[in-house]
$ cat target_32.txt   # compact mmCIF, C-alpha atoms and all ligand atoms
# COMPACT_ATOMS: atom_id res chain seq x y z
CA MET D 1 98.00 126.82 105.67
CA THR D 2 100.86 126.59 103.21
CA VAL D 3 104.00 124.97 104.57
CA ASN D 4 107.05 126.24 102.74
CA ALA D 5 110.24 125.98 104.74
CA GLU D 6 110.57 122.29 105.53
CA ARG D 7 113.36 122.71 108.08
CA GLN D 8 111.20 125.08 110.13
CA VAL D 9 108.12 122.88 110.21
CA CYS D 10 107.27 121.05 113.38
CA ALA D 11 104.28 118.83 114.10
CA LEU D 12 103.07 117.33 117.33
CA ILE D 13 99.94 116.19 119.06
CA ILE D 14 98.64 117.45 122.35
CA VAL D 15 96.94 114.62 124.23
CA MET D 16 94.32 116.10 126.54
CA LYS D 17 93.44 114.58 129.92
CA PRO D 18 90.16 112.61 129.97
CA ASP D 19 88.67 115.23 132.34
CA SER D 20 89.81 118.26 130.33
CA THR D 21 87.10 120.82 129.69
CA GLU D 22 85.85 122.46 126.50
CA LYS D 23 87.36 125.69 127.83
CA ASN D 24 90.81 124.01 128.17
CA ILE D 25 90.54 122.90 124.54
CA SER D 26 89.37 126.25 123.17
CA ASP D 27 92.08 128.14 125.17
CA ILE D 28 94.74 126.01 123.50
CA THR D 29 93.31 126.12 119.98
CA SER D 30 92.77 129.87 120.04
CA THR D 31 96.32 130.49 121.38
CA LEU D 32 97.80 128.36 118.62
CA GLU D 33 95.61 129.81 115.88
CA THR D 34 96.51 133.34 116.91
CA LEU D 35 100.15 132.41 116.31
CA GLY D 36 99.27 131.23 112.81
CA LEU D 37 99.73 127.55 113.60
CA GLY D 38 97.61 124.83 111.96
CA VAL D 39 95.32 123.10 114.46
CA HIS D 40 93.32 119.92 114.01
CA LEU D 41 90.98 118.45 116.63
CA SER D 42 90.30 114.71 116.91
CA ARG D 43 87.64 113.81 119.42
CA GLY D 44 87.92 110.21 120.55
CA GLU D 45 85.56 108.44 122.92
CA GLU D 46 87.83 109.00 125.92
CA ARG D 47 89.96 111.96 125.11
CA THR D 48 90.58 114.75 122.67
CA ILE D 49 93.77 115.05 120.69
CA ILE D 50 94.90 118.33 119.19
CA GLY D 51 97.20 118.08 116.20
CA VAL D 52 99.46 121.12 115.69
CA ILE D 53 101.63 121.95 112.72
CA GLY D 54 103.59 125.03 111.80
CA ASP D 55 106.67 127.15 112.31
CA LYS D 56 108.89 125.50 114.91
CA ARG D 57 109.93 128.83 116.45
CA MET D 58 106.29 129.76 117.15
CA LEU D 59 105.67 126.44 118.86
CA ASP D 60 108.78 126.82 120.99
CA ASP D 61 107.28 130.01 122.44
CA VAL D 62 104.07 128.44 123.79
CA PRO D 63 104.26 126.74 127.24
CA LEU D 64 101.91 123.98 126.10
CA THR D 65 102.67 121.53 128.89
CA LEU D 66 101.62 124.14 131.46
CA MET D 67 98.24 124.83 129.89
CA GLY D 68 95.10 123.48 131.58
CA GLY D 69 93.93 119.97 130.67
CA VAL D 70 97.13 118.93 128.86
CA GLU D 71 98.33 115.40 129.59
CA LYS D 72 101.33 115.16 127.25
CA LEU D 73 102.89 116.27 123.98
CA VAL D 74 103.93 113.72 121.37
CA PRO D 75 106.05 114.76 118.36
CA ILE D 76 105.04 113.40 114.95
CA VAL D 77 108.09 111.55 113.71
CA GLU D 78 106.81 110.55 110.27
CA PRO D 79 107.99 112.76 107.39
CA TYR D 80 104.36 113.17 106.39
CA LYS D 81 102.46 114.89 109.19
CA LEU D 82 98.88 115.78 108.28
CA ALA D 83 98.33 112.41 106.58
CA SER D 84 99.64 110.39 109.51
CA LEU D 85 97.55 108.36 111.89
CA SER D 86 99.51 109.84 114.80
CA PHE D 87 98.42 113.36 113.84
CA GLN D 88 94.78 112.27 113.62
CA PRO D 89 94.09 108.93 115.34
CA VAL D 90 90.48 108.76 114.09
CA SER D 91 89.67 107.77 110.50
CA SER D 92 88.78 110.62 108.18
CA VAL D 93 85.46 110.67 106.43
CA VAL D 94 85.54 112.57 103.14
CA LYS D 95 82.29 114.10 101.96
CA VAL D 96 81.54 114.28 98.25
CA LYS D 97 78.21 116.11 98.12
CA ASP D 98 76.05 113.77 100.23
CA VAL D 99 78.28 110.69 99.84
CA LEU D 100 80.59 109.85 102.74
CA ILE D 101 83.82 107.95 101.98
CA GLY D 102 85.55 106.31 104.94
CA GLY D 103 82.47 105.88 107.14
CA PRO D 104 80.65 102.61 107.88
CA GLU D 105 79.24 102.52 104.33
CA LEU D 106 81.40 101.12 101.50
CA VAL D 107 81.36 103.40 98.47
CA MET D 108 81.31 102.22 94.87
CA ILE D 109 82.47 104.62 92.19
CA ALA D 110 81.69 103.36 88.70
CA GLY D 111 81.47 104.50 85.11
CA PRO D 112 83.40 104.32 81.87
CA CYS D 113 87.11 104.92 81.46
CA SER D 114 86.21 107.82 79.14
CA VAL D 115 83.09 109.81 78.52
CA GLU D 116 82.44 109.05 74.84
CA SER D 117 79.00 110.56 74.21
CA ARG D 118 76.03 112.00 76.07
CA LYS D 119 74.00 108.84 75.45
CA GLN D 120 76.81 106.56 76.67
CA ILE D 121 77.42 108.33 79.98
CA ILE D 122 73.76 108.88 80.85
CA GLY D 123 72.93 105.25 80.04
CA VAL D 124 75.77 103.79 82.08
CA ALA D 125 75.09 106.17 84.98
CA LYS D 126 71.55 104.79 85.27
CA ASP D 127 72.85 101.22 85.10
CA VAL D 128 75.56 101.51 87.75
CA LYS D 129 73.27 103.40 90.09
CA LYS D 130 70.80 100.50 89.99
CA SER D 131 73.50 98.16 91.31
CA GLY D 132 74.56 100.43 94.17
CA ALA D 133 77.15 102.88 92.78
CA LYS D 134 77.12 106.19 94.62
CA ILE D 135 79.56 108.26 92.50
CA LEU D 136 79.84 108.37 88.70
CA ARG D 137 83.28 108.30 87.08
CA GLY D 138 84.18 109.36 83.54
CA GLY D 139 87.50 110.43 82.07
CA THR D 140 87.41 113.63 80.04
CA PHE D 141 91.14 114.50 79.88
CA LYS D 142 92.83 111.21 79.17
CA PRO D 143 96.53 110.69 79.88
CA ARG D 144 97.18 108.02 77.24
CA THR D 145 100.37 106.05 76.77
CA SER D 146 100.37 107.00 73.07
CA PRO D 147 99.73 110.53 71.74
CA TYR D 148 97.78 108.94 68.87
CA SER D 149 95.19 107.34 71.17
CA PHE D 150 91.86 109.01 72.06
CA GLN D 151 92.62 111.95 74.33
CA GLY D 152 89.14 112.53 75.79
CA LEU D 153 86.20 114.83 74.97
CA GLU D 154 87.51 117.48 77.38
CA GLU D 155 84.95 120.22 78.18
CA GLU D 156 82.24 118.69 76.01
CA GLY D 157 82.68 115.44 77.98
CA LEU D 158 82.50 117.35 81.26
CA LYS D 159 79.11 118.76 80.27
CA TYR D 160 77.75 115.27 79.57
CA LEU D 161 79.25 113.93 82.80
CA LYS D 162 77.67 116.68 84.87
CA GLU D 163 74.33 116.17 83.17
CA ALA D 164 74.50 112.39 83.81
CA GLY D 165 75.29 113.04 87.48
CA GLU D 166 72.39 115.47 87.82
CA GLU D 167 69.98 113.16 86.07
CA THR D 168 70.83 110.22 88.36
CA GLY D 169 71.49 112.21 91.54
CA MET D 170 75.13 111.07 91.79
CA PRO D 171 78.21 113.23 92.38
CA VAL D 172 80.77 112.89 89.58
CA ILE D 173 84.53 112.46 89.39
CA THR D 174 86.93 113.10 86.54
CA GLU D 175 90.71 113.06 86.21
CA VAL D 176 92.64 116.33 86.03
CA THR D 177 96.03 116.27 84.36
CA SER D 178 97.33 119.84 84.70
CA GLU D 179 96.63 123.07 86.54
CA HIS D 180 94.73 124.27 83.47
CA THR D 181 92.40 121.25 83.51
CA VAL D 182 91.76 121.83 87.23
CA GLU D 183 90.36 125.24 86.26
CA ILE D 184 88.23 123.85 83.43
CA ALA D 185 86.86 120.90 85.42
CA PHE D 186 86.19 122.92 88.57
CA ASP D 187 82.61 123.88 87.72
CA TYR D 188 81.66 120.44 86.42
CA SER D 189 83.20 117.86 88.72
CA ASP D 190 82.44 117.18 92.40
CA MET D 191 85.70 115.31 92.99
CA PHE D 192 89.04 115.40 91.18
CA GLN D 193 91.03 112.30 90.34
CA ILE D 194 94.81 112.42 90.26
CA GLY D 195 95.95 109.61 88.01
CA ALA D 196 98.83 107.24 88.54
CA ARG D 197 101.00 109.03 85.99
CA ASN D 198 100.71 112.27 87.94
CA ALA D 199 101.23 110.80 91.40
CA GLN D 200 104.37 112.85 91.92
CA ASN D 201 103.42 115.92 89.89
CA TYR D 202 103.76 118.23 92.86
CA GLN D 203 102.49 121.38 91.11
CA LEU D 204 99.30 119.54 90.19
CA LEU D 205 98.95 118.16 93.72
CA LYS D 206 99.23 121.69 95.09
CA ALA D 207 96.67 122.95 92.58
CA VAL D 208 94.06 120.37 93.61
CA GLY D 209 94.96 121.17 97.21
CA GLN D 210 94.17 124.83 96.61
CA SER D 211 90.90 123.95 94.87
CA GLN D 212 89.60 122.55 98.20
CA LYS D 213 87.59 119.94 96.25
CA PRO D 214 87.66 116.28 97.37
CA VAL D 215 90.49 114.41 95.66
CA LEU D 216 90.83 110.74 94.76
CA TYR D 217 94.59 110.38 94.73
CA LYS D 218 95.91 107.29 92.98
CA ARG D 219 99.17 105.62 93.83
CA GLY D 220 101.87 105.85 91.17
CA PRO D 221 102.89 102.53 89.58
CA SER D 222 106.34 102.79 91.14
CA THR D 223 105.79 104.86 94.26
CA THR D 224 106.38 103.35 97.67
CA ILE D 225 103.71 103.77 100.32
CA GLU D 226 105.91 106.33 102.08
CA GLU D 227 106.36 108.36 98.88
CA TRP D 228 102.62 108.16 98.27
CA LEU D 229 101.78 109.53 101.74
CA ASN D 230 104.42 112.24 101.43
CA ALA D 231 102.86 113.30 98.16
CA ALA D 232 99.36 113.28 99.71
CA GLU D 233 100.84 115.76 102.18
CA TYR D 234 101.26 118.22 99.28
CA ILE D 235 97.48 118.30 98.83
CA MET D 236 96.81 118.49 102.56
CA SER D 237 99.40 121.15 103.30
CA GLU D 238 97.33 123.47 101.09
CA GLY D 239 94.55 123.11 103.65
CA ASN D 240 92.61 120.47 101.68
CA TYR D 241 92.07 117.46 103.96
CA ASN D 242 89.50 115.90 101.64
CA VAL D 243 91.88 113.28 100.31
CA VAL D 244 90.95 109.68 99.48
CA LEU D 245 93.81 107.37 98.52
CA CYS D 246 93.42 104.78 95.76
CA GLU D 247 95.51 101.65 95.27
CA ARG D 248 95.48 100.93 91.51
CA GLY D 249 98.32 98.46 91.09
CA ILE D 250 102.06 98.81 90.92
CA ARG D 251 104.64 97.77 88.34
CA THR D 252 106.19 94.39 89.09
CA PHE D 253 107.92 91.73 86.97
CA GLU D 254 104.56 90.03 86.37
CA THR D 255 103.15 90.50 82.86
CA SER D 256 99.96 88.44 82.94
CA THR D 257 98.11 91.36 84.49
CA ARG D 258 98.55 95.02 83.53
CA TYR D 259 99.85 95.93 87.01
CA THR D 260 99.92 94.04 90.32
CA LEU D 261 97.23 95.11 92.77
CA ASP D 262 99.15 95.64 95.99
CA ILE D 263 96.52 94.34 98.40
CA SER D 264 99.00 94.75 101.27
CA SER D 265 98.98 98.50 100.82
CA ILE D 266 95.39 98.60 102.14
CA PRO D 267 96.13 97.37 105.70
CA VAL D 268 99.51 99.15 105.62
CA ILE D 269 97.83 102.49 104.81
CA LYS D 270 95.26 101.84 107.54
CA SER D 271 98.12 101.41 110.02
CA LYS D 272 99.87 104.64 108.98
CA SER D 273 97.19 107.08 107.89
CA HIS D 274 93.69 108.21 108.79
CA LEU D 275 92.84 108.82 105.12
CA PRO D 276 90.24 106.58 103.45
CA ILE D 277 91.53 104.18 100.81
CA LEU D 278 89.73 102.75 97.78
CA ALA D 279 90.99 100.11 95.37
CA ASP D 280 90.85 100.26 91.58
CA PRO D 281 90.83 96.64 90.39
CA SER D 282 90.20 97.66 86.75
CA HIS D 283 93.55 99.35 86.06
CA ALA D 284 95.45 96.83 88.17
CA ALA D 285 94.02 93.82 86.33
CA GLY D 286 93.93 95.25 82.82
CA PHE D 287 91.51 92.42 81.94
CA SER D 288 87.85 92.37 82.88
CA ARG D 289 87.94 88.68 83.87
CA TYR D 290 90.11 89.40 86.93
CA VAL D 291 88.22 92.46 88.18
CA HIS D 292 85.60 90.60 90.22
CA SER D 293 88.11 88.55 92.28
CA LEU D 294 90.31 91.57 92.93
CA SER D 295 87.26 93.57 94.03
CA ASN D 296 86.36 90.88 96.57
CA ALA D 297 89.95 90.76 97.83
CA ALA D 298 90.24 94.53 98.26
CA ILE D 299 87.01 94.79 100.25
CA ALA D 300 88.06 91.83 102.41
CA ALA D 301 91.41 93.57 103.04
CA GLY D 302 89.66 96.64 104.42
CA ALA D 303 89.25 99.03 101.50
CA ASP D 304 86.62 101.74 102.01
CA GLY D 305 85.21 101.08 98.55
CA LEU D 306 86.11 100.53 94.92
CA ILE D 307 86.38 102.47 91.69
CA ILE D 308 85.48 100.25 88.75
CA GLU D 309 85.33 100.93 85.02
CA VAL D 310 81.96 100.03 83.50
CA HIS D 311 81.05 100.49 79.84
CA PRO D 312 77.83 99.62 77.99
CA ASP D 313 79.85 97.92 75.22
CA PRO D 314 83.41 97.31 76.48
CA MET D 315 84.61 95.71 73.23
CA HIS D 316 84.10 99.02 71.42
CA ALA D 317 85.33 101.34 74.19
CA MET D 318 87.61 104.17 73.05
CA SER D 319 90.02 103.55 75.93
CA ASP D 320 90.84 100.62 78.23
CA ALA D 321 88.53 98.26 76.30
CA ALA D 322 89.96 95.04 77.75
CA GLN D 323 89.37 95.88 81.39
CA GLN D 324 85.91 97.46 81.48
CA LEU D 325 82.97 95.52 82.90
CA THR D 326 79.51 95.42 81.39
CA PRO D 327 76.76 96.78 83.65
CA SER D 328 75.60 93.22 84.41
CA GLU D 329 79.13 92.12 85.37
CA PHE D 330 79.33 95.15 87.65
CA ASP D 331 76.04 94.15 89.20
CA LEU D 332 77.51 90.76 90.18
CA VAL D 333 80.50 92.49 91.81
CA CYS D 334 78.14 94.66 93.87
CA LYS D 335 76.18 91.60 94.95
CA ASP D 336 79.37 90.00 96.34
CA VAL D 337 80.55 93.25 97.92
CA ALA D 338 77.31 93.30 99.93
CA GLN D 339 78.12 89.81 101.27
CA ILE D 340 81.77 90.57 102.11
CA ALA D 341 80.74 93.85 103.72
CA LYS D 342 78.94 91.90 106.44
CA ILE D 343 82.09 89.92 107.29
CA VAL D 344 84.26 93.04 107.53
CA GLU D 345 81.53 94.82 109.51
CA ARG D 346 80.75 97.46 106.93
CA ASN D 347 77.51 98.30 105.14
CA PHE D 348 76.81 98.18 101.47
CA HIS D 349 73.39 98.47 99.90
CA TYR D 350 73.30 96.28 96.84
CA GLY D 351 70.80 97.59 94.35
CA ASN D 352 69.17 100.97 94.31
CA GLN D 353 68.15 101.14 97.97
C1 LIG D 401 91.74 106.05 84.69
O1 LIG D 401 91.19 106.05 85.80
O2 LIG D 401 91.13 105.93 83.61
C2 LIG D 401 93.23 106.04 84.66
C3 LIG D 401 93.90 106.51 83.62
O3 LIG D 401 93.76 105.48 85.77
P1 LIG D 401 95.30 105.34 86.26
O4 LIG D 401 95.76 106.73 86.50
O5 LIG D 401 95.17 104.52 87.50
O6 LIG D 401 96.05 104.64 85.16
MN MN D 402 90.99 103.81 82.30
$ encode --input "target_32.txt" --output "structure tokens"
Amino acid sequence: MTVNAERQVCALIIVMKPDSTEKNISDITSTLETLGLGVHLSRGEERTIIGVIGDKRMLDDVPLTLMGGVEKLVPIVEPYKLASLSFQPVSSVVKVKDVLIGGPELVMIAGPCSVESRKQIIGVAKDVKKSGAKILRGGTFKPRTSPYSFQGLEEEGLKYLKEAGEETGMPVITEVTSEHTVEIAFDYSDMFQIGARNAQNYQLLKAVGQSQKPVLYKRGPSTTIEEWLNAAEYIMSEGNYNVVLCERGIRTFETSTRYTLDISSIPVIKSKSHLPILADPSHAAGFSRYVHSLSNAAIAAGADGLIIEVHPDPMHAMSDAAQQLTPSEFDLVCKDVAQIAKIVERNFHYGNQ
């Protein structure tokens, strides 16, 4: 459903009575759907909650409180609706091929900042998989600070990335930087990444929303958590609920790291949204020596996984050389993640299990 006229949009949840029947629920959902309203079911252990969003005038016409099985109606007061925990009180699990992000299992996404050659990406894919990575990353359209820096292998890189994913049995993710690159990457990538620089590029957010592909949506270096969730709503209001947030560091006065990893955003997001959240310690740190500690901290704070840059020869990487881990450094991070996972009551299979 596309939500256009903001003033007309209304969102609420219908809390069903514990003894409501399946028929009560389907009567309500079919009535609302017939009116063109967006409906989202959350089945908790005790009761079902029906999230409703759409044209306020349509909602005004339905006597919801009188319908069978309804306990109460609660309006969603947050400016973001679909992304809010009130709209969907159960955590979302986003499926990327057979990998589930946001479930009991922590998910590691790893790979180089940029795909540089066929040999490089296939080699590193095999390495990170051995340590426990489940999704392969590789930039192919690179948004670089300078126009004179390496801009990515584009479609040639996408072919190598896809091949590396197929050879190792991992889904792949790449960053898209414009509506045009969404079209090019569509047939190659299983998940799209929206980079920090495009965090408030609303046309791009709508385009990845329309693509219906899972999206890893990074926080902008200067966006507040509320702005970030509002922008996630752009993707979701196109009907694409497969959104995973990613904390990758914000701009502060501190200069000894590239950005400051806002660890607080992880529990804050968990208190406001049902969307999974990963952390990217690589771009936050800017230096490989800090990546391991930040990874531990993010998992301890409740992140659903990590995205880490890993390169076979970081010193000679064509982008982000200072922050990429070697495969053996990545292996040590995975080993610790498996230990911390037990404390935070999550699972992580270190090694290729
Ligand atoms: C990247 O993942 O390589 C990247 C450019 O990240 P960010 O958008 O977080 O800077
Ligand atoms: Mn990078």
$ closest_atom_pairs --input "target_32.txt" --of "chain D" --to "ligand MN 402 (chain D)" --cutoff "9 Å" --atoms "only C-alpha atoms and all ligand atoms" --output "JSON lines"
{"residue": "D:Pro112", "atom": "CA", "partner": "D:MN402", "partner_atom": "MN", "distance": 7.6}
{"residue": "D:Cys113", "atom": "CA", "partner": "D:MN402", "partner_atom": "MN", "distance": 4.1}
{"residue": "D:Ser114", "atom": "CA", "partner": "D:MN402", "partner_atom": "MN", "distance": 7.0}
{"residue": "D:Gly138", "atom": "CA", "partner": "D:MN402", "partner_atom": "MN", "distance": 8.9}
{"residue": "D:Gly139", "atom": "CA", "partner": "D:MN402", "partner_atom": "MN", "distance": 7.5}
{"residue": "D:Lys142", "atom": "CA", "partner": "D:MN402", "partner_atom": "MN", "distance": 8.2}
{"residue": "D:Ser282", "atom": "CA", "partner": "D:MN402", "partner_atom": "MN", "distance": 7.6}
{"residue": "D:His283", "atom": "CA", "partner": "D:MN402", "partner_atom": "MN", "distance": 6.4}
{"residue": "D:Glu309", "atom": "CA", "partner": "D:MN402", "partner_atom": "MN", "distance": 6.9}
{"residue": "D:Ser319", "atom": "CA", "partner": "D:MN402", "partner_atom": "MN", "distance": 6.4}
{"residue": "D:Asp320", "atom": "CA", "partner": "D:MN402", "partner_atom": "MN", "distance": 5.2}
{"residue": "D:Ala321", "atom": "CA", "partner": "D:MN402", "partner_atom": "MN", "distance": 8.5}
{"residue": "D:Gln323", "atom": "CA", "partner": "D:MN402", "partner_atom": "MN", "distance": 8.1}
{"residue": "D:Gln324", "atom": "CA", "partner": "D:MN402", "partner_atom": "MN", "distance": 8.2}
$ closest_residue --input "target_32.txt" --among "D:Ile184, D:Val9, D:Met108, D:Ala301" --to "Val77 of chain D" --atoms "all atoms listed in the file"
D:Val9
$ closest_residue --input "target_32.txt" --among "D:Gly157, D:Pro18, D:Gly302, D:Gly152" --to "ligand LIG 401 (chain D)" --atoms "all atoms listed in the file"
D:Gly152
$ atom_distance --input "target_32.txt" --atom1 "atom CA of Ala207 of chain D" --atom2 "atom CA of Phe150 of chain D"
25.3 Å
$ axis_aligned_box --input "target_32.txt" --around "ligand LIG 401 (chain D)" --padding-each-side "8 Å" --output "AutoDock Vina command-line options"
--center_x 93.6 --center_y 105.6 --center_z 85.6 --size_x 20.9 --size_y 18.2 --size_z 19.9
$ closest_residue --input "target_32.txt" --among "D:Ala110, D:Ala125, D:Ile343, D:Ala232" --to "ligand LIG 401 (chain D)" --atoms "all atoms listed in the file"
D:Ala110
$ atom_distance --input "target_32.txt" --atom1 "atom CA of Ile121 of chain D" --atom2 "atom CA of Gly351 of chain D"
19.1 Å
$ closest_residue --input "target_32.txt" --among "D:Arg137, D:Lys17, D:Lys129, D:Lys213" --to "ligand LIG 401 (chain D)" --atoms "only C-alpha atoms and all ligand atoms"
D:Arg137
$ closest_residue --input "target_32.txt" --among "D:Ser92, D:His311, D:Arg118, D:Leu216" --to "Pro104 of chain D" --atoms "all atoms listed in the file"
D:Ser92
$ closest_residue --input "target_32.txt" --among "D:Ile25, D:Leu35, D:Ala185, D:Ala303" --to "Leu245 of chain D" --atoms "only C-alpha atoms"
D:Ala303
$ residues_near_ligand --input "target_32.txt" --ligand "ligand LIG 401 (chain D)" --cutoff "10 Å" --atoms "all atoms listed in the file" --output "ChimeraX atom specification"
/D:111-114,137-145,173-175,177,193-199,217-221,246-250,259,279-284,286,307-309,319-320
$ write_last_selection --input "target_32.txt" --atoms "C-alpha atoms" --output "tab-separated table (two decimals), in the coordinates of the input"
chain	number	residue	atom	x	y	z
D	111	GLY	CA	81.47	104.50	85.11
D	112	PRO	CA	83.40	104.32	81.87
D	113	CYS	CA	87.11	104.92	81.46
D	114	SER	CA	86.21	107.82	79.14
D	137	ARG	CA	83.28	108.30	87.08
D	138	GLY	CA	84.18	109.36	83.54
D	139	GLY	CA	87.50	110.43	82.07
D	140	THR	CA	87.41	113.63	80.04
D	141	PHE	CA	91.14	114.50	79.88
D	142	LYS	CA	92.83	111.21	79.17
D	143	PRO	CA	96.53	110.69	79.88
D	144	ARG	CA	97.18	108.02	77.24
D	145	THR	CA	100.37	106.05	76.77
D	173	ILE	CA	84.53	112.46	89.39
D	174	THR	CA	86.93	113.10	86.54
D	175	GLU	CA	90.71	113.06	86.21
D	177	THR	CA	96.03	116.27	84.36
D	193	GLN	CA	91.03	112.30	90.34
D	194	ILE	CA	94.81	112.42	90.26
D	195	GLY	CA	95.95	109.61	88.01
D	196	ALA	CA	98.83	107.24	88.54
D	197	ARG	CA	101.00	109.03	85.99
D	198	ASN	CA	100.71	112.27	87.94
D	199	ALA	CA	101.23	110.80	91.40
D	217	TYR	CA	94.59	110.38	94.73
D	218	LYS	CA	95.91	107.29	92.98
D	219	ARG	CA	99.17	105.62	93.83
D	220	GLY	CA	101.87	105.85	91.17
D	221	PRO	CA	102.89	102.53	89.58
D	246	CYS	CA	93.42	104.78	95.76
D	247	GLU	CA	95.51	101.65	95.27
D	248	ARG	CA	95.48	100.93	91.51
D	249	GLY	CA	98.32	98.46	91.09
D	250	ILE	CA	102.06	98.81	90.92
D	259	TYR	CA	99.85	95.93	87.01
D	279	ALA	CA	90.99	100.11	95.37
D	280	ASP	CA	90.85	100.26	91.58
D	281	PRO	CA	90.83	96.64	90.39
D	282	SER	CA	90.20	97.66	86.75
D	283	HIS	CA	93.55	99.35	86.06
D	284	ALA	CA	95.45	96.83	88.17
D	286	GLY	CA	93.93	95.25	82.82
D	307	ILE	CA	86.38	102.47	91.69
D	308	ILE	CA	85.48	100.25	88.75
D	309	GLU	CA	85.33	100.93	85.02
D	319	SER	CA	90.02	103.55	75.93
D	320	ASP	CA	90.84	100.62	78.23
$ atom_distance --input "target_32.txt" --atom1 "atom CA of Ser86 of chain D" --atom2 "atom CA of Pro267 of chain D"
15.8 Å
$ residues_around --input "target_32.txt" --residues "Val62 of chain D" --least-positions-apart "2" --cutoff "10 Å" --atoms "only C-alpha atoms" --output "list of chain:residue names"
D:Ile28, D:Thr31, D:Leu32, D:Leu35, D:Arg57, D:Met58, D:Leu59, D:Asp60, D:Leu64, D:Thr65, D:Leu66, D:Met67
$ write_last_selection --input "target_32.txt" --atoms "C-alpha atoms" --output "PDB file, in the coordinates of the input"
ATOM      1  CA  ILE D  28      94.740 126.010 123.500  1.00  0.00           C
ATOM      2  CA  THR D  31      96.320 130.490 121.380  1.00  0.00           C
ATOM      3  CA  LEU D  32      97.800 128.360 118.620  1.00  0.00           C
ATOM      4  CA  LEU D  35     100.150 132.410 116.310  1.00  0.00           C
ATOM      5  CA  ARG D  57     109.930 128.830 116.450  1.00  0.00           C
ATOM      6  CA  MET D  58     106.290 129.760 117.150  1.00  0.00           C
ATOM      7  CA  LEU D  59     105.670 126.440 118.860  1.00  0.00           C
ATOM      8  CA  ASP D  60     108.780 126.820 120.990  1.00  0.00           C
ATOM      9  CA  LEU D  64     101.910 123.980 126.100  1.00  0.00           C
ATOM     10  CA  THR D  65     102.670 121.530 128.890  1.00  0.00           C
ATOM     11  CA  LEU D  66     101.620 124.140 131.460  1.00  0.00           C
ATOM     12  CA  MET D  67      98.240 124.830 129.890  1.00  0.00           C
TER      13      MET D  67
END
$ residues_around --input "target_32.txt" --residues "Asp304 of chain D" --least-positions-apart "6" --cutoff "6 Å" --atoms "all atoms listed in the file" --output "PyMOL selection string"
chain D and resi 102+106+277-278
$ residues_around --input "target_32.txt" --residues "Glu167 of chain D" --least-positions-apart "3" --cutoff "10 Å" --atoms "all atoms listed in the file" --output "list in words"
Ile122, Ala125, Lys126, Leu161, Lys162, Glu163, Ala164 and Met170 of chain D
$ residues_around --input "target_32.txt" --residues "Leu229 of chain D" --least-positions-apart "3" --cutoff "10 Å" --atoms "all atoms listed in the file" --output "list in words"
Glu78, Pro79, Tyr80, Lys81, Leu82, Ala83, Ser84, Arg219, Thr223, Thr224, Ile225, Glu226, Ala232, Glu233, Tyr234, Leu245, Ile269, Lys272, Ser273 and Leu275 of chain D
